[in-house]
>>> print(open('final.cif').read())   # mmCIF, C-alpha atoms
data_model
loop_
_atom_site.label_atom_id
_atom_site.label_comp_id
_atom_site.auth_asym_id
_atom_site.auth_seq_id
_atom_site.Cartn_x
_atom_site.Cartn_y
_atom_site.Cartn_z
CA MET A 1304 95.20 109.97 112.29
CA ASN A 1305 96.91 107.09 114.05
CA GLU A 1306 99.93 107.80 116.24
CA TYR A 1307 101.53 104.36 116.55
CA ARG A 1308 105.02 104.11 118.03
CA ILE A 1309 107.35 101.26 117.13
CA SER A 1310 106.56 99.50 120.41
CA ASP A 1311 102.84 99.51 119.53
CA LEU A 1312 103.33 97.63 116.27
CA SER A 1313 103.44 93.94 115.43
CA VAL A 1314 103.73 91.88 112.27
CA GLY A 1315 100.25 91.26 110.89
CA LEU A 1316 98.76 94.58 111.99
CA GLN A 1317 96.48 95.83 109.21
CA ALA A 1318 94.89 99.07 108.05
CA SER A 1319 92.58 99.89 105.16
CA PHE A 1320 90.43 102.64 103.73
CA GLU A 1321 88.31 103.34 100.65
CA VAL A 1322 88.62 106.19 98.21
CA GLU A 1323 86.82 107.17 95.00
CA VAL A 1324 88.81 108.30 91.97
CA THR A 1325 87.45 111.66 90.80
CA ASN A 1326 87.94 113.90 87.77
CA LEU A 1327 89.22 116.58 90.14
CA MET A 1328 92.07 114.27 91.11
CA PHE A 1329 93.08 113.99 87.44
CA ASP A 1330 93.09 117.80 87.15
CA GLN A 1331 95.11 118.25 90.31
CA PHE A 1332 97.63 115.58 89.40
CA LEU A 1333 98.06 117.13 85.94
CA ALA A 1334 98.67 120.53 87.51
CA MET A 1335 101.19 119.10 89.95
CA SER A 1336 103.09 116.69 87.69
CA GLY A 1337 102.81 118.32 84.28
CA ASP A 1338 102.12 114.88 82.77
CA ASN A 1339 99.74 115.76 79.94
CA ASN A 1340 99.88 112.41 78.17
CA PRO A 1341 96.49 112.03 76.41
CA LEU A 1342 96.01 108.55 77.84
CA HIS A 1343 95.10 110.33 81.08
CA LEU A 1344 93.24 113.29 79.57
CA ASP A 1345 91.46 112.24 76.38
CA PRO A 1346 88.82 109.46 76.56
CA THR A 1347 88.80 109.09 72.76
CA PHE A 1348 92.55 108.56 72.66
CA ALA A 1349 92.33 106.09 75.55
CA LYS A 1350 89.57 104.11 73.80
CA GLU A 1351 91.68 103.94 70.64
CA ARG A 1352 94.34 102.31 72.82
CA GLY A 1353 91.91 99.69 74.09
CA PHE A 1354 90.84 101.22 77.41
CA LYS A 1355 87.23 101.92 78.37
CA ASP A 1356 88.00 105.49 79.45
CA ARG A 1357 90.96 107.73 80.21
CA VAL A 1358 93.34 105.95 82.54
CA ALA A 1359 94.13 107.22 86.00
CA TYR A 1360 97.78 108.12 86.49
CA GLY A 1361 99.56 105.23 88.18
CA LEU A 1362 101.39 107.55 90.53
CA MET A 1363 98.13 109.31 91.34
CA THR A 1364 96.47 106.18 92.63
CA SER A 1365 99.76 105.18 94.24
CA SER A 1366 99.65 108.39 96.25
CA PHE A 1367 97.11 106.55 98.39
CA TYR A 1368 100.02 104.46 99.64
CA SER A 1369 101.35 107.71 101.08
CA LYS A 1370 98.07 108.15 102.93
CA LEU A 1371 98.19 104.54 104.11
CA ALA A 1372 101.56 105.10 105.76
CA GLY A 1373 101.21 108.73 106.79
CA VAL A 1374 97.71 108.54 108.24
CA TYR A 1375 97.06 104.91 109.15
CA LEU A 1376 100.12 102.70 109.44
CA PRO A 1377 101.87 103.99 111.50
CA GLY A 1378 100.34 107.44 111.00
CA LYS A 1379 101.70 110.63 112.51
CA ASN A 1380 105.18 109.26 113.30
CA ALA A 1381 105.84 107.96 109.76
CA VAL A 1382 108.86 108.86 107.66
CA LEU A 1383 108.68 107.19 104.24
CA HIS A 1384 111.93 105.34 103.46
CA GLY A 1385 111.02 103.66 100.19
CA ILE A 1386 108.32 102.08 98.11
CA ASP A 1387 108.30 99.47 95.34
CA ILE A 1388 105.13 99.48 93.27
CA THR A 1389 103.91 97.02 90.65
CA PHE A 1390 100.96 98.02 88.49
CA ARG A 1391 98.54 95.29 87.48
CA LYS A 1392 95.38 96.87 86.04
CA PRO A 1393 94.29 100.40 85.13
CA ALA A 1394 92.01 102.50 87.31
CA PHE A 1395 89.41 104.91 85.99
CA SER A 1396 87.41 107.89 87.16
CA SER A 1397 84.58 106.90 89.54
CA ASP A 1398 86.36 103.67 90.53
CA ARG A 1399 86.00 102.99 94.22
CA LEU A 1400 89.35 101.74 95.43
CA GLN A 1401 90.17 99.70 98.50
CA VAL A 1402 93.62 100.47 99.90
CA GLU A 1403 95.00 97.89 102.32
CA GLY A 1404 98.27 97.32 104.11
CA THR A 1405 99.69 94.74 106.49
CA ILE A 1406 102.94 95.00 108.45
CA SER A 1407 105.19 92.22 107.17
CA PHE A 1408 108.49 92.99 108.93
CA ILE A 1409 109.71 95.12 111.81
CA ASN A 1410 113.29 96.20 112.42
CA GLU A 1411 113.24 97.24 116.05
CA ALA A 1412 116.87 98.39 116.14
CA TYR A 1413 116.28 101.28 113.75
CA GLY A 1414 112.50 101.54 113.99
CA GLN A 1415 111.69 100.61 110.41
CA ILE A 1416 108.63 98.65 109.33
CA GLU A 1417 107.74 97.07 106.02
CA ILE A 1418 104.17 97.01 104.79
CA LYS A 1419 102.77 94.79 102.08
CA ALA A 1420 100.04 96.86 100.49
CA SER A 1421 97.55 96.63 97.67
CA ILE A 1422 94.91 98.65 95.88
CA THR A 1423 91.87 96.87 94.42
CA ASN A 1424 88.84 98.22 92.58
CA GLY A 1425 85.19 97.59 93.31
CA ASN A 1426 85.26 94.36 91.30
CA GLY A 1427 88.07 93.01 93.45
CA GLU A 1428 90.62 93.43 90.66
CA LEU A 1429 94.18 94.22 91.73
CA ILE A 1430 95.18 97.70 90.54
CA SER A 1431 98.62 97.67 92.12
CA LYS A 1432 100.62 96.19 94.91
CA ALA A 1433 103.46 97.71 96.87
CA LYS A 1434 106.13 97.06 99.43
CA ILE A 1435 106.49 100.13 101.61
CA LYS A 1436 109.37 100.86 103.98
CA VAL A 1437 108.52 103.31 106.72
CA GLY A 1438 110.67 104.65 109.51
CA LEU A 1439 109.15 105.81 112.76
CA SER A 1440 110.38 109.11 114.13
CA VAL A 1441 109.63 107.97 117.70
CA MET B 702 128.62 78.79 109.29
CA ASN B 703 132.21 80.11 109.49
CA GLU B 704 133.33 83.72 109.04
CA ALA B 705 134.18 83.29 105.35
CA GLN B 706 130.76 81.83 104.64
CA ILE B 707 129.05 84.63 106.53
CA LEU B 708 131.13 87.22 104.66
CA ALA B 709 130.02 85.66 101.37
CA VAL B 710 126.36 85.92 102.41
CA VAL B 711 126.84 89.50 103.58
CA GLN B 712 128.57 90.38 100.33
CA ASN B 713 125.56 89.16 98.37
CA VAL B 714 123.33 91.28 100.58
CA PHE B 715 125.54 94.31 99.90
CA ARG B 716 125.39 93.65 96.16
CA ASP B 717 121.61 93.45 96.28
CA VAL B 718 121.08 96.50 98.51
CA PHE B 719 123.54 98.73 96.63
CA ASP B 720 122.56 97.22 93.27
CA VAL B 721 126.19 96.63 92.29
CA GLU B 722 126.64 93.11 90.94
CA ASP B 723 130.43 92.96 91.23
CA LEU B 724 130.81 94.74 94.57
CA ILE B 725 133.61 93.20 96.63
CA ILE B 726 133.72 93.73 100.38
CA SER B 727 136.22 92.63 103.01
CA ASN B 728 136.37 92.61 106.79
CA GLU B 729 137.91 96.09 106.62
CA THR B 730 135.13 97.61 104.50
CA ASN B 731 133.19 100.43 106.16
CA SER B 732 130.91 103.25 105.10
CA GLU B 733 133.84 105.36 103.91
CA HIS B 734 134.56 102.81 101.17
CA ILE B 735 131.07 102.76 99.61
CA GLU B 736 129.78 106.11 98.44
CA ASP B 737 126.07 105.28 98.79
CA TRP B 738 126.40 103.85 102.30
CA ASP B 739 124.45 106.49 104.22
CA SER B 740 122.19 106.12 107.23
CA LEU B 741 119.15 105.01 105.25
CA MET B 742 121.13 102.46 103.25
CA HIS B 743 122.60 101.22 106.51
CA ILE B 744 119.08 100.46 107.76
CA ASN B 745 118.37 98.66 104.49
CA LEU B 746 121.54 96.60 104.93
CA VAL B 747 120.67 95.61 108.49
CA VAL B 748 117.11 94.69 107.55
CA ALA B 749 118.30 92.64 104.57
CA ILE B 750 120.82 90.76 106.74
CA GLU B 751 118.17 90.09 109.39
CA LYS B 752 115.87 88.62 106.73
CA GLU B 753 118.57 86.62 104.95
CA LEU B 754 119.98 85.02 108.09
CA LYS B 755 116.78 85.05 110.19
CA ILE B 756 118.39 86.90 113.07
CA LYS B 757 117.56 90.09 114.96
CA PHE B 758 119.88 92.88 116.02
CA ASN B 759 119.36 95.45 118.72
CA LEU B 760 120.57 99.01 118.57
CA LEU B 761 123.26 98.60 121.22
CA GLU B 762 124.89 95.80 119.23
CA LEU B 763 124.92 97.83 116.05
CA GLN B 764 126.03 101.26 117.17
CA ASP B 765 129.65 100.33 117.93
CA LEU B 766 130.37 98.33 114.77
CA LYS B 767 133.33 99.81 112.91
CA ASN B 768 133.48 97.65 109.80
CA VAL B 769 132.10 94.60 108.02
CA GLY B 770 134.39 92.26 109.95
CA GLU B 771 132.82 93.30 113.25
CA MET B 772 129.38 92.79 111.74
CA VAL B 773 130.41 89.30 110.59
CA LYS B 774 131.59 88.44 114.10
CA LEU B 775 128.32 89.71 115.57
CA ILE B 776 126.37 87.59 113.10
CA GLN B 777 128.45 84.52 113.92
CA ASP B 778 127.78 85.02 117.64
CA LYS B 779 124.05 85.18 116.97
CA LEU B 780 124.03 82.13 114.71
CA GLU B 781 125.87 80.08 117.33
CA LYS B 782 123.41 80.91 120.12
#
>>> encode(input="final.cif", output="structure tokens")
Amino acid sequence: MNEYRISDLSVGLQASFEVEVTNLMFDQFLAMSGDNNPLHLDPTFAKERGFKDRVAYGLMTSSFYSKLAGVYLPGKNAVLHGIDITFRKPAFSSDRLQVEGTISFINEAYGQIEIKASITNGNGELISKAKIKVGLSV
Amino acid sequence: MNEAQILAVVQNVFRDVFDVEDLIISNETNSEHIEDWDSLMHINLVVAIEKELKIKFNLLELQDLKNVGEMVKLIQDKLEK
């Protein structure tokens, strides 16, 4: 886990990691959220709606933005202030996702950074993009 | 940019940050006049003003501001430097 302080950071600093979407994640997100919409649970239903398989919850894959801020950028000293997410394409089980973020703005007075972030699949397709506001506790 | 012009820019920033299209502010406006103006929204306001006017504040300049009018004066000082 990174432990950046505000003085360590600069616009343009990047972080990234990879993660594979698993069936266990679907089960755990269902248990946590209570969202039992069949689009996320029933492959037959999802195929009837034009998708190749059941669709990963958007907020499940977006939880990787939490990891991006809380573990990588800035890491331990992060306090999430806000996040705007736009979804572009669905993700599916077994997709290998690339999560990336770049610091786009720093407010030194109050120790807040903004991160432009994205999640892409193994084919380079954009799953979602986000603007993340993160405060630093030190 | 004179004070009235700066106030107009700041008002647009307030409207955007607080998502209230018809919000009217004056030099006397402070956090007691806008219910959602808490510490986190204050950071959002400062960041939005920095971006809009391409200026930077430091903490010492900000911590003694008592109302919008004092913020407008601070902005004018920065724009004139």
>>> closest_atom_pairs(input="final.cif", of="chain A", to="chain B", cutoff="12 Å", atoms="all atoms listed in the file", output="CSV")
residue,atom,partner,partner_atom,distance
A:Val1382,CA,B:Leu741,CA,11.2
A:Leu1383,CA,B:Leu741,CA,10.7
A:His1384,CA,B:Leu741,CA,7.4
A:Gly1385,CA,B:Leu741,CA,9.7
A:Ser1407,CA,B:Lys752,CA,11.3
A:Phe1408,CA,B:Lys752,CA,8.9
A:Ile1409,CA,B:Val748,CA,8.5
A:Asn1410,CA,B:Val748,CA,6.4
A:Glu1411,CA,B:Asn759,CA,6.9
A:Ala1412,CA,B:Leu760,CA,4.5
A:Tyr1413,CA,B:Ile744,CA,6.7
A:Gly1414,CA,B:Ile744,CA,9.1
A:Gln1415,CA,B:Ile744,CA,7.9
A:Ile1416,CA,B:Val748,CA,9.5
A:Glu1417,CA,B:Val748,CA,9.8
A:Lys1436,CA,B:Asn745,CA,9.3
A:Val1437,CA,B:Leu741,CA,10.9
A:Gly1438,CA,B:Leu741,CA,9.5
>>> residues_around(input="final.cif", residues="A:Glu1321", least_positions_apart="4", cutoff="10 Å", atoms="only C-alpha atoms", output="PyMOL selection string")
chain A and resi 1367+1399-1403+1422-1425
>>> atom_distance(input="final.cif", atom1="atom CA of A:Asp1356", atom2="atom CA of A:Ala1433")
24.6 Å
>>> atom_distance(input="final.cif", atom1="atom CA of B:Asp720", atom2="atom CA of A:Ser1431")
24.0 Å
>>> residues_near_point(input="final.cif", point="(128.6, 98.6, 108.8)", cutoff="8 Å", atoms="all atoms listed in the file", output="ChimeraX atom specification")
/B:730-732,743,766-769,772
>>> residues_around(input="final.cif", residues="A:Ala1334", least_positions_apart="6", cutoff="12 Å", atoms="all atoms listed in the file", output="PDB file with C-alpha atoms, keeping the file's coordinate frame")
ATOM      1  CA  LEU A1327      89.220 116.580  90.140  1.00  0.00           C
ATOM      2  CA  MET A1328      92.070 114.270  91.110  1.00  0.00           C
ATOM      3  CA  MET A1363      98.130 109.310  91.340  1.00  0.00           C
TER       4      MET A1363
END
>>> atom_distance(input="final.cif", atom1="atom CA of A:Asp1330", atom2="atom CA of A:Arg1391")
23.2 Å
>>> resolve_selection(input="final.cif", expression="the PyMOL selection byres ((chain B and resi 712) around 12)", output="JSON, numbers by chain")
{"B": [704, 705, 706, 707, 708, 709, 710, 711, 713, 714, 715, 716, 717, 718, 719, 720, 721, 722, 723, 724, 725, 726, 727, 728, 730, 746, 749, 750, 753, 769, 770, 772, 773]}
